[in-house]
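What follows is structure-v7.cif (mmCIF, C-alpha atoms).
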```cif
data_work
loop_
_atom_site.group_PDB
_atom_site.id
_atom_site.type_symbol
_atom_site.label_atom_id
_atom_site.label_comp_id
_atom_site.auth_asym_id
_atom_site.auth_seq_id
_atom_site.Cartn_x
_atom_site.Cartn_y
_atom_site.Cartn_z
ATOM 1 C CA MET O 272 237.600 40.589 59.241
ATOM 2 C CA ILE O 273 234.211 39.203 60.156
ATOM 3 C CA ARG O 274 232.814 40.584 63.425
ATOM 4 C CA ALA O 275 230.461 38.567 65.622
ATOM 5 C CA PRO O 276 227.008 40.048 66.027
ATOM 6 C CA ALA O 277 226.662 42.349 69.035
ATOM 7 C CA SER O 278 224.120 40.014 70.653
ATOM 8 C CA GLU O 279 226.515 37.058 70.421
ATOM 9 C CA THR O 280 229.353 39.082 71.950
ATOM 10 C CA TRP O 281 227.099 40.173 74.828
ATOM 11 C CA LEU O 282 226.088 36.577 75.548
ATOM 12 C CA LYS O 283 229.749 35.483 75.664
ATOM 13 C CA ARG O 284 230.559 38.218 78.142
ATOM 14 C CA LEU O 285 227.559 37.313 80.307
ATOM 15 C CA ARG O 286 228.598 33.637 80.383
ATOM 16 C CA ALA O 287 232.138 34.595 81.379
ATOM 17 C CA TRP O 288 230.870 36.890 84.144
ATOM 18 C CA LEU O 289 228.623 34.175 85.538
ATOM 19 C CA ARG O 290 231.526 31.729 85.628
ATOM 20 C CA LEU O 291 233.735 34.218 87.478
ATOM 21 C CA LYS O 292 231.071 35.485 89.901
ATOM 22 C CA PRO O 293 231.607 33.881 93.322
ATOM 23 C CA ALA O 294 228.718 31.775 94.551
ATOM 24 C CA GLU O 295 226.707 33.502 97.270
ATOM 25 C CA PRO O 296 226.061 31.561 100.458
ATOM 26 C CA PRO O 297 222.501 30.303 100.807
ATOM 27 C CA PRO O 298 220.149 32.443 102.906
ATOM 28 C CA THR O 299 219.794 31.815 106.610
ATOM 29 C CA PRO O 300 217.349 28.952 107.227
ATOM 30 C CA ARG O 301 214.077 29.888 108.892
ATOM 31 C CA ILE O 302 213.636 27.301 111.617
ATOM 32 C CA GLY O 303 210.201 26.932 113.179
ATOM 33 C CA LEU O 304 209.642 25.254 116.547
ATOM 34 C CA ALA O 305 206.319 23.434 117.115
ATOM 35 C CA LEU O 306 205.470 22.612 120.740
ATOM 36 C CA GLY O 307 202.821 19.957 121.376
ATOM 37 C CA GLY O 308 200.486 19.540 124.325
ATOM 38 C CA GLY O 309 200.717 17.424 127.447
ATOM 39 C CA PHE O 310 199.557 19.540 130.418
ATOM 40 C CA ALA O 311 202.260 19.305 133.146
ATOM 41 C CA ARG O 312 204.470 17.326 130.782
ATOM 42 C CA GLY O 313 204.693 20.516 128.724
ATOM 43 C CA ILE O 314 207.406 21.625 131.142
ATOM 44 C CA ALA O 315 209.736 19.388 129.090
ATOM 45 C CA HIS O 316 209.602 22.068 126.375
ATOM 46 C CA VAL O 317 211.700 24.272 128.660
ATOM 47 C CA GLY O 318 214.565 21.783 128.465
ATOM 48 C CA VAL O 319 214.355 21.713 124.662
ATOM 49 C CA LEU O 320 214.522 25.512 124.493
ATOM 50 C CA ARG O 321 217.513 25.606 126.825
ATOM 51 C CA VAL O 322 219.499 23.200 124.643
ATOM 52 C CA LEU O 323 218.641 25.061 121.431
ATOM 53 C CA GLU O 324 219.866 28.287 123.007
ATOM 54 C CA ARG O 325 222.995 26.593 124.357
ATOM 55 C CA HIS O 326 223.923 25.538 120.817
ATOM 56 C CA ASN O 327 222.939 28.894 119.269
ATOM 57 C CA ILE O 328 220.223 27.338 117.103
ATOM 58 C CA PRO O 329 218.334 30.217 115.436
ATOM 59 C CA ILE O 330 214.562 30.024 116.000
ATOM 60 C CA SER O 331 212.697 32.262 113.559
ATOM 61 C CA MET O 332 209.144 31.441 114.649
ATOM 62 C CA ILE O 333 207.331 29.300 117.196
ATOM 63 C CA ALA O 334 203.914 27.657 117.518
ATOM 64 C CA GLY O 335 202.189 25.940 120.397
ATOM 65 C CA VAL O 336 199.122 23.902 121.202
ATOM 66 C CA SER O 337 197.613 23.340 124.654
ATOM 67 C CA ALA O 338 200.423 23.336 127.255
ATOM 68 C CA GLY O 339 202.884 24.038 124.451
ATOM 69 C CA SER O 340 201.079 27.281 123.703
ATOM 70 C CA ILE O 341 201.945 28.684 127.145
ATOM 71 C CA VAL O 342 205.652 27.905 126.786
ATOM 72 C CA ALA O 343 205.713 29.098 123.158
ATOM 73 C CA ALA O 344 203.992 32.391 124.004
ATOM 74 C CA ALA O 345 206.226 33.064 127.005
ATOM 75 C CA TYR O 346 209.372 32.474 124.953
ATOM 76 C CA ALA O 347 208.085 34.466 121.974
ATOM 77 C CA SER O 348 207.224 37.362 124.272
ATOM 78 C CA GLY O 349 210.826 37.623 125.459
ATOM 79 C CA ALA O 350 210.774 35.638 128.710
ATOM 80 C CA THR O 351 214.043 33.818 129.347
ATOM 81 C CA VAL O 352 214.264 30.058 129.661
ATOM 82 C CA ASP O 353 215.159 30.423 133.346
ATOM 83 C CA GLU O 354 212.106 32.614 133.932
ATOM 84 C CA ILE O 355 209.833 30.111 132.208
ATOM 85 C CA GLU O 356 211.297 27.221 134.193
ATOM 86 C CA LYS O 357 210.739 29.066 137.485
ATOM 87 C CA VAL O 358 207.102 29.756 136.631
ATOM 88 C CA ALA O 359 206.551 26.189 135.451
ATOM 89 C CA GLY O 360 208.107 24.715 138.566
ATOM 90 C CA ASN O 361 205.821 26.726 140.848
ATOM 91 C CA MET O 362 202.665 26.319 138.750
ATOM 92 C CA ARG O 363 199.693 24.338 140.009
ATOM 93 C CA LEU O 364 196.259 23.611 138.570
ATOM 94 C CA ARG O 365 194.670 26.197 140.886
ATOM 95 C CA ASP O 366 196.794 28.923 139.227
ATOM 96 C CA VAL O 367 194.964 28.540 135.916
ATOM 97 C CA ALA O 368 191.591 26.973 136.738
ATOM 98 C CA ARG O 369 188.771 26.985 139.266
ATOM 99 C CA TRP O 370 186.236 24.236 139.864
ATOM 100 C CA THR O 371 182.713 25.173 138.838
ATOM 101 C CA LEU O 372 179.295 23.707 138.117
ATOM 102 C CA SER O 373 178.466 23.809 134.419
ATOM 103 C CA ARG O 374 176.985 21.517 131.833
ATOM 104 C CA PHE O 375 179.985 22.362 129.621
ATOM 105 C CA GLY O 376 182.798 21.347 131.947
ATOM 106 C CA LEU O 377 184.143 20.996 135.470
ATOM 107 C CA ALA O 378 186.382 24.065 135.676
ATOM 108 C CA ASP O 379 186.733 27.504 134.146
ATOM 109 C CA THR O 380 190.033 29.088 133.135
ATOM 110 C CA ASP O 381 189.402 32.710 134.095
ATOM 111 C CA ARG O 382 192.375 32.533 136.464
ATOM 112 C CA MET O 383 194.627 31.913 133.493
ATOM 113 C CA ASN O 384 194.273 35.579 132.508
ATOM 114 C CA GLY O 385 196.145 36.714 135.608
ATOM 115 C CA PHE O 386 198.679 33.898 135.299
ATOM 116 C CA LEU O 387 199.508 34.882 131.702
ATOM 117 C CA LYS O 388 199.779 38.575 132.596
ATOM 118 C CA ARG O 389 202.409 37.656 135.179
ATOM 119 C CA THR O 390 204.252 35.273 132.866
ATOM 120 C CA LEU O 391 204.278 36.886 129.409
ATOM 121 C CA LYS O 392 206.170 40.068 128.547
ATOM 122 C CA THR O 393 203.446 41.145 126.120
ATOM 123 C CA LEU O 394 199.869 40.005 125.537
ATOM 124 C CA GLU O 395 199.524 40.905 121.847
ATOM 125 C CA PHE O 396 200.637 38.774 118.912
ATOM 126 C CA GLU O 397 201.878 41.813 116.991
ATOM 127 C CA HIS O 398 204.322 42.718 119.774
ATOM 128 C CA MET O 399 205.940 39.305 120.159
ATOM 129 C CA ARG O 400 209.719 39.157 119.891
ATOM 130 C CA ILE O 401 209.406 36.056 117.689
ATOM 131 C CA PRO O 402 206.386 35.420 115.423
ATOM 132 C CA LEU O 403 203.936 33.203 117.304
ATOM 133 C CA ALA O 404 201.030 30.937 116.355
ATOM 134 C CA VAL O 405 198.600 29.330 118.816
ATOM 135 C CA VAL O 406 196.226 26.552 117.782
ATOM 136 C CA ALA O 407 192.800 25.814 119.286
ATOM 137 C CA SER O 408 189.893 23.754 117.910
ATOM 138 C CA ASP O 409 186.628 25.195 116.599
ATOM 139 C CA LEU O 410 183.813 22.939 117.850
ATOM 140 C CA SER O 411 181.310 24.026 115.200
ATOM 141 C CA ALA O 412 183.621 23.921 112.186
ATOM 142 C CA GLY O 413 185.500 20.844 113.361
ATOM 143 C CA LYS O 414 188.741 22.499 112.258
ATOM 144 C CA PRO O 415 191.801 24.127 113.813
ATOM 145 C CA ALA O 416 191.419 27.752 114.890
ATOM 146 C CA ILE O 417 194.811 29.316 114.312
ATOM 147 C CA PHE O 418 195.713 32.571 116.070
ATOM 148 C CA ARG O 419 198.683 34.637 114.853
ATOM 149 C CA ASP O 420 199.840 38.054 113.601
ATOM 150 C CA SER O 421 197.581 40.248 115.773
ATOM 151 C CA GLY O 422 195.130 40.162 118.638
ATOM 152 C CA ASP O 423 194.880 39.013 122.245
ATOM 153 C CA VAL O 424 197.176 36.127 123.136
ATOM 154 C CA THR O 425 195.351 35.263 126.363
ATOM 155 C CA VAL O 426 192.125 34.293 124.594
ATOM 156 C CA ALA O 427 194.061 32.088 122.173
ATOM 157 C CA ILE O 428 195.962 30.291 124.937
ATOM 158 C CA ARG O 429 192.895 29.752 127.119
ATOM 159 C CA ALA O 430 191.116 28.244 124.114
ATOM 160 C CA SER O 431 194.099 26.088 123.176
ATOM 161 C CA CYS O 432 194.217 24.683 126.731
ATOM 162 C CA ALA O 433 190.465 24.093 127.137
ATOM 163 C CA TYR O 434 190.547 20.307 127.495
ATOM 164 C CA PRO O 435 187.018 19.066 126.588
ATOM 165 C CA GLY O 436 185.024 17.824 129.541
ATOM 166 C CA LEU O 437 187.470 19.280 132.078
ATOM 167 C CA PHE O 438 187.615 22.986 131.160
ATOM 168 C CA LEU O 439 184.789 25.109 129.807
ATOM 169 C CA PRO O 440 185.010 25.997 126.098
ATOM 170 C CA VAL O 441 186.178 29.536 125.333
ATOM 171 C CA ARG O 442 183.775 31.673 123.354
ATOM 172 C CA ASP O 443 185.430 33.979 120.832
ATOM 173 C CA ASP O 444 183.956 35.788 117.844
ATOM 174 C CA GLY O 445 180.846 33.619 117.877
ATOM 175 C CA ARG O 446 182.830 30.373 118.080
ATOM 176 C CA TYR O 447 183.157 27.806 120.866
ATOM 177 C CA LEU O 448 186.821 26.851 121.090
ATOM 178 C CA VAL O 449 188.468 23.927 122.871
ATOM 179 C CA ASP O 450 191.867 22.273 123.174
ATOM 180 C CA GLY O 451 193.972 22.446 120.013
ATOM 181 C CA LEU O 452 194.989 18.815 120.548
ATOM 182 C CA LEU O 453 191.623 17.803 119.180
ATOM 183 C CA THR O 454 192.522 18.951 115.657
ATOM 184 C CA MET O 455 196.321 19.356 115.675
ATOM 185 C CA GLU O 456 198.470 17.423 118.130
ATOM 186 C CA VAL O 457 201.665 19.262 117.171
ATOM 187 C CA PRO O 458 201.397 22.618 115.314
ATOM 188 C CA ALA O 459 203.861 22.049 112.491
ATOM 189 C CA ALA O 460 201.534 23.161 109.672
ATOM 190 C CA PRO O 461 201.143 26.821 110.759
ATOM 191 C CA LEU O 462 204.914 27.234 110.761
ATOM 192 C CA HIS O 463 205.086 26.299 107.083
ATOM 193 C CA ASP O 464 202.430 28.923 106.379
ATOM 194 C CA MET O 465 204.592 31.450 108.242
ATOM 195 C CA GLY O 466 207.577 30.718 105.995
ATOM 196 C CA ALA O 467 209.593 28.118 107.897
ATOM 197 C CA THR O 468 212.148 26.201 105.830
ATOM 198 C CA HIS O 469 212.709 23.637 108.605
ATOM 199 C CA VAL O 470 210.330 22.567 111.371
ATOM 200 C CA ILE O 471 211.397 21.044 114.682
ATOM 201 C CA SER O 472 208.388 19.372 116.289
ATOM 202 C CA VAL O 473 208.379 18.496 119.980
ATOM 203 C CA ALA O 474 205.881 15.761 120.858
ATOM 204 C CA LEU O 475 205.225 14.635 124.418
ATOM 205 C CA PRO O 476 204.383 10.911 124.479
ATOM 206 C CA ASP O 477 201.484 9.692 126.617
ATOM 207 C CA PRO O 478 201.561 6.434 128.587
ATOM 208 C CA ALA O 479 201.077 3.399 126.368
ATOM 209 C CA THR O 480 198.103 2.297 128.444
ATOM 210 C CA ILE O 481 195.923 3.969 131.013
ATOM 211 C CA ASP O 482 193.663 2.571 133.699
ATOM 212 C CA PRO O 483 190.240 4.219 133.126
ATOM 213 C CA ARG O 484 189.462 5.028 136.752
ATOM 214 C CA SER O 485 187.624 8.271 136.003
ATOM 215 C CA VAL O 486 185.895 10.166 133.222
ATOM 216 C CA LEU O 487 189.089 12.192 132.756
ATOM 217 C CA CYS O 488 191.081 8.991 132.211
ATOM 218 C CA VAL O 489 188.532 7.877 129.632
ATOM 219 C CA LEU O 490 188.766 11.219 127.805
ATOM 220 C CA THR O 491 192.560 11.160 127.919
ATOM 221 C CA ARG O 492 192.758 7.646 126.511
ATOM 222 C CA SER O 493 190.276 8.601 123.784
ATOM 223 C CA PHE O 494 192.531 11.488 122.784
ATOM 224 C CA GLN O 495 195.525 9.139 122.667
ATOM 225 C CA ILE O 496 193.752 6.701 120.371
ATOM 226 C CA PHE O 497 192.564 9.481 118.068
ATOM 227 C CA SER O 498 195.999 11.134 117.957
ATOM 228 C CA SER O 499 197.738 7.872 117.086
ATOM 229 C CA ARG O 500 195.665 7.713 113.904
ATOM 230 C CA THR O 501 196.233 11.311 112.841
ATOM 231 C CA GLN O 502 199.853 11.900 113.808
ATOM 232 C CA HIS O 503 201.070 11.221 110.260
ATOM 233 C CA GLU O 504 199.693 14.652 109.331
ATOM 234 C CA TRP O 505 201.978 16.671 111.594
ATOM 235 C CA ARG O 506 204.897 14.267 111.231
ATOM 236 C CA SER O 507 204.818 14.720 107.440
ATOM 237 C CA ARG O 508 205.155 18.478 108.018
ATOM 238 C CA SER O 509 208.105 18.084 110.394
ATOM 239 C CA THR O 510 211.752 18.105 109.381
ATOM 240 C CA LEU O 511 212.751 16.678 112.760
ATOM 241 C CA VAL O 512 210.760 15.285 115.691
ATOM 242 C CA ILE O 513 211.991 15.487 119.285
ATOM 243 C CA GLU O 514 210.196 13.217 121.768
ATOM 244 C CA PRO O 515 211.265 13.687 125.408
ATOM 245 C CA PRO O 516 210.770 10.444 127.382
ATOM 246 C CA VAL O 517 207.969 11.669 129.657
ATOM 247 C CA ALA O 518 205.398 8.911 129.176
ATOM 248 C CA GLY O 519 205.902 7.683 132.736
ATOM 249 C CA ILE O 520 205.091 11.061 134.294
ATOM 250 C CA ALA O 521 201.510 11.901 135.286
ATOM 251 C CA TRP O 522 199.578 14.567 133.360
ATOM 252 C CA ASP O 523 199.357 16.801 136.457
ATOM 253 C CA ALA O 524 202.809 16.125 137.949
ATOM 254 C CA PHE O 525 203.936 19.745 138.230
ATOM 255 C CA GLU O 526 206.124 18.736 141.158
ATOM 256 C CA SER O 527 208.249 16.732 138.685
ATOM 257 C CA SER O 528 209.361 19.885 136.848
ATOM 258 C CA HIS O 529 213.088 19.212 137.233
ATOM 259 C CA GLU O 530 212.713 15.692 135.856
ATOM 260 C CA LEU O 531 210.631 16.999 132.948
ATOM 261 C CA VAL O 532 213.165 19.694 132.078
ATOM 262 C CA ARG O 533 215.983 17.133 132.121
ATOM 263 C CA ALA O 534 214.011 14.854 129.808
ATOM 264 C CA GLY O 535 213.586 17.738 127.369
ATOM 265 C CA GLU O 536 217.287 18.561 127.519
ATOM 266 C CA GLU O 537 218.389 14.979 126.890
ATOM 267 C CA ALA O 538 216.082 14.536 123.902
ATOM 268 C CA ALA O 539 217.132 17.866 122.390
ATOM 269 C CA GLU O 540 220.842 17.177 122.834
ATOM 270 C CA ALA O 541 220.425 13.962 120.853
ATOM 271 C CA ALA O 542 218.896 15.982 117.994
ATOM 272 C CA ILE O 543 221.555 18.718 117.854
ATOM 273 C CA PRO O 544 223.895 16.935 115.360
ATOM 274 C CA GLU O 545 221.063 16.683 112.836
ATOM 275 C CA ILE O 546 220.097 20.353 113.285
ATOM 276 C CA GLU O 547 223.712 21.448 112.919
ATOM 277 C CA ARG O 548 223.896 19.575 109.631
ATOM 278 C CA TRP O 549 221.082 21.804 108.340
ATOM 279 C CA LEU O 550 223.042 24.863 109.351
ATOM 280 C CA ALA O 551 226.296 23.760 107.752
ATOM 281 C CA GLY O 552 227.045 26.088 104.853
ATOM 282 C CA TYR O 553 224.420 28.621 105.931
ATOM 283 C CA LYS O 554 225.240 32.155 106.946
ATOM 284 C CA THR O 555 223.655 32.309 110.409
ATOM 285 C CA ASN O 556 223.345 34.882 113.129
ATOM 286 C CA PRO O 557 224.965 34.066 116.480
ATOM 287 C CA ARG O 558 221.735 33.456 118.429
ATOM 288 C CA ARG O 559 218.318 33.883 116.811
ATOM 289 C CA ALA O 560 217.753 34.408 113.114
ATOM 290 C CA ALA O 561 215.909 37.545 112.172
ATOM 291 C CA ALA O 562 212.271 36.779 111.643
#
```
Any chance you could give the structure as structure tokens?
Amino acid sequence: MIRAPASETWLKRLRAWLRLKPAEPPPTPRIGLALGGGFARGIAHVGVLRVLERHNIPISMIAGVSAGSIVAAAYASGATVDEIEKVAGNMRLRDVARWTLSRFGLADTDRMNGFLKRTLKTLEFEHMRIPLAVVASDLSAGKPAIFRDSGDVTVAIRASCAYPGLFLPVRDDGRYLVDGLLTMEVPAAPLHDMGATHVISVALPDPATIDPRSVLCVLTRSFQIFSSRTQHEWRSRSTLVIEPPVAGIAWDAFESSHELVRAGEEAAEAAIPEIERWLAGYKTNPRRAAA
């Protein structure tokens, strides 16, 4: 009798074992949530978060720019959606800024330090409940300044919210930092660097036109024009884009918080079927995926 070589027999057994071995479910997806800017309109992010929680969508990491950085940091720190909504509804410009005379801007944001201490559960990136990234813009380098992993969250948020011409730039580590909107309207890219497999981007549309009645209106419209020509960058990094219909709400309309939250909820609800299709076949945790 002729025996098959030992190596051939081993290969046959391996093939048979592979055929019989049950297929393992794919790993849990790592969903990243990118929150764009919009000043008071950023309150709409609260509605998006509420809907994602309601449908048990696992958020593994979160990033924010400008107003989105405040909501992202509060949520990442462990604040509940209800807590964030209460703070947002009571917030006014005077809570985060103070008018001043400076050649660099009209207001400083020193008051934001106290506001963030009252709002966030922790002020260090390394102690966040969910990994967090905050994006500002480096005036000298002309590039995004991305904060994550470790360090002081308050400096990052103040820089990310420093709207040029209105708020003074934030000086950090020899750099002058301003609003992250200048270099990254929606922070989808950092989430990919943090290991996200899917990115949900939340963009807050501006009015289609604006009557330039002040220097701030001129600056705002300039940002809109610039962003419209660069948005393909963050959209190409996004798996899904949620756009709450807030274009008709003024940039400083904090008193419209309930309307803004509802707009966020409605837009997020419309996106849930698509997100649930991602999760189909995945082995997920009941609320938030482990980071």
Residues matched by the PyMOL selection byres ((chain O and resi 512) around 6), written as a list in words: Ile471, Ser472, Val473, Leu511 and Ile513 of chain O
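Evaluated against the shown file, the PyMOL selection byres ((chain O and resi 307) around 8) gives Ala305, Leu306, Gly308, Gly309, Gly313, Gly335, Val336, Ser337, Ala338, Gly339, Ser340, Leu452, Glu456, Val457, Pro458, Ser472, Val473, Ala474 and Leu475 of chain O.
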Listing only residues of segment 420-449 of chain O within 9 Å of segment 393-396 of chain O, what is the closest atom pair and its distance in Å (to one decimal) for each, using only C-alpha atoms, sorted by chain and residue number ascending, as CSV?
```
residue,atom,partner,partner_atom,distance
O:Asp420,CA,O:Phe396,CA,5.4
O:Ser421,CA,O:Phe396,CA,4.6
O:Gly422,CA,O:Glu395,CA,5.5
O:Asp423,CA,O:Glu395,CA,5.0
O:Val424,CA,O:Leu394,CA,5.3
O:Thr425,CA,O:Leu394,CA,6.6
```
Test item: residues at most 10 Å from segment 315-329 of chain O, only C-alpha atoms, excluding those fewer than 4 positions along its chain, as JSON, numbers by chain: {"O": [299, 300, 301, 302, 303, 304, 305, 306, 307, 308, 309, 311, 338, 339, 342, 343, 346, 351, 352, 353, 354, 355, 356, 359, 473, 474, 475, 513, 514, 515, 516, 517, 528, 529, 530, 531, 532, 533, 534, 535, 536, 537, 538, 539, 540, 542, 543, 546, 547, 550, 555, 556, 557, 558, 559, 560, 561, 562]}
Would you translate the PyMOL selection byres ((chain O and resi 368-381) around 6) into the concrete set of residues it matches in this file, as a compact mmCIF listing (two decimals) with C-alpha atoms, keeping the file's coordinate frame?
```txt
# COMPACT_ATOMS: atom_id res chain seq x y z
CA ARG O 365 194.67 26.20 140.89
CA VAL O 367 194.96 28.54 135.92
CA ARG O 382 192.38 32.53 136.46
CA MET O 383 194.63 31.91 133.49
CA ASN O 384 194.27 35.58 132.51
CA GLY O 436 185.02 17.82 129.54
CA LEU O 437 187.47 19.28 132.08
CA PHE O 438 187.62 22.99 131.16
CA LEU O 439 184.79 25.11 129.81
```
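For the set O:Leu403, O:Asp464, O:Met455, O:Phe310, the residue with the smallest atom-to-atom gap to Asp477 of chain O is O:Phe310, counting only C-alpha atoms.
Reported to one decimal place, the separation of atom CA of Lys388 of chain O from atom CA of Pro461 of chain O is 24.8 Å.
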If the box runs along x, y and z of the file and leaves 8 Å on each side of segment 437-442 of chain O, what are its centre and edge lengths in Å, one decimal, as AutoDock Vina command-line options?
```
--center_x 185.7 --center_y 25.5 --center_z 127.7 --size_x 19.8 --size_y 28.4 --size_z 24.7
```
Point-to-point distance in Å for atom CA of Ala433 of chain O and atom CA of Ala521 of chain O: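 Computing the Euclidean distance for atom CA of Ala521 of chain O and atom CA of Ala433 of chain O yields 18.4 Å.
By chain and then residue number, the residues within 12 Å of Asp444 of chain O are Asp409, Ala416, Val426 and Ala427 of chain O, counting only C-alpha atoms and disregarding those fewer than 5 positions away in sequence.
Minimum atom-to-atom distances from O:Leu391, O:Leu453, O:Ala524, O:Leu364 to Thr501 of chain O were compared using only C-alpha atoms, and the lowest value belongs to O:Leu453.
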Coordinates-based distance that separates atom CA of Ala344 of chain O from atom CA of Ala430 of chain O (Å, one decimal): 13.5 Å
